[in-house]
Amino acid sequence: EARAHGCAPSLSDCPAAIREEFNTGGSWIVSFGIGAAAVTLGFLVLMHAQKAAVRQPAPPFHLRVMLVPGAVAGLCWSAANFCGILATSRGGNAIVMAQMCAAQLVTSGLWGILYFRELHGRQAAVWGFFALWTLAAITLLSFEKG
């Protein structure tokens with residue numbers, strides 16, 4: 001539809017009625033959230049049914065222990081997912097998705113090194129070199145959109 005109106009390269013050039021059809025920040029996010037909640041609930045029901053079938057107790061939720069850390073982790077992931085969806089709609093899948101995956105890889109590695117102390121000395125230095133290499137590649141990739 002955007003091509004038919006002559007505004008395919010950039011959604012911002014489209015009329016308001018066409019832009020509303022591609023509402024990535026509203027209806028798409030809501031439907032994603034509803035779908036994720038439904039799938040999670042479905043798996044929870046399946047797990048409880050399987051445990052009941054073999055006459056085992058369901059695992060405890062540990063709600064008091066996990067409520068705050070779980071809520072914070074979920075909110076952080078949701079905010080990052082929302083920003084990633086908006087960035088992808090603006091920058092395209094080929095570039096933005098690669099950048100997001102690389103950023104997640106470097107962030108996970110930093111957590112492993114700084115928080116969990118998984119690497120030390122030379123191993124950490126080698127990882128650091130390749131993390132910088134990855135960040136340089138992300139930066140160069142951002143110029144590709146032009």
# chains A, B, ... in the order shown; residues from 1 in each chain; ligands from 1

$ residues_around --residues "Gly91 of chain A" --least-positions-apart "3" --cutoff "12 Å" --atoms "only C-alpha atoms" --output "JSON, numbers by chain"
{"A": [9, 10, 11, 83, 84, 85, 86, 87, 88, 94, 95, 96, 97, 98, 99, 100, 141, 142, 143, 144, 145, 146]}

$ closest_residue --among "A:Leu41, A:Gly128, A:Trp28, A:Cys101" --to "Ile113 of chain A" --atoms "only C-alpha atoms"
A:Gly128

$ select_by_dssp --residues "chain A" --states "alpha helix (DSSP H)" --output "PyMOL selection string"
chain A and resi 16-21+27-53+63-91+93-110+121-142

$ atom_distance --atom1 "atom CA of Trp133 of chain A" --atom2 "atom CA of Ala103 of chain A"
11.9 Å

$ closest_residue --among "A:Leu105, A:Ala137, A:Leu114, A:Leu44" --to "Phe61 of chain A" --atoms "only C-alpha atoms"
A:Leu44

$ closest_residue --among "A:Met66, A:Ala73, A:Ala58, A:Ala124" --to "Gly112 of chain A" --atoms "only C-alpha atoms"
A:Ala124

$ atom_distance --atom1 "atom CA of His48 of chain A" --atom2 "atom CA of His62 of chain A"
15.9 Å

$ atom_distance --atom1 "atom CA of Pro69 of chain A" --atom2 "atom CA of His120 of chain A"
27.7 Å
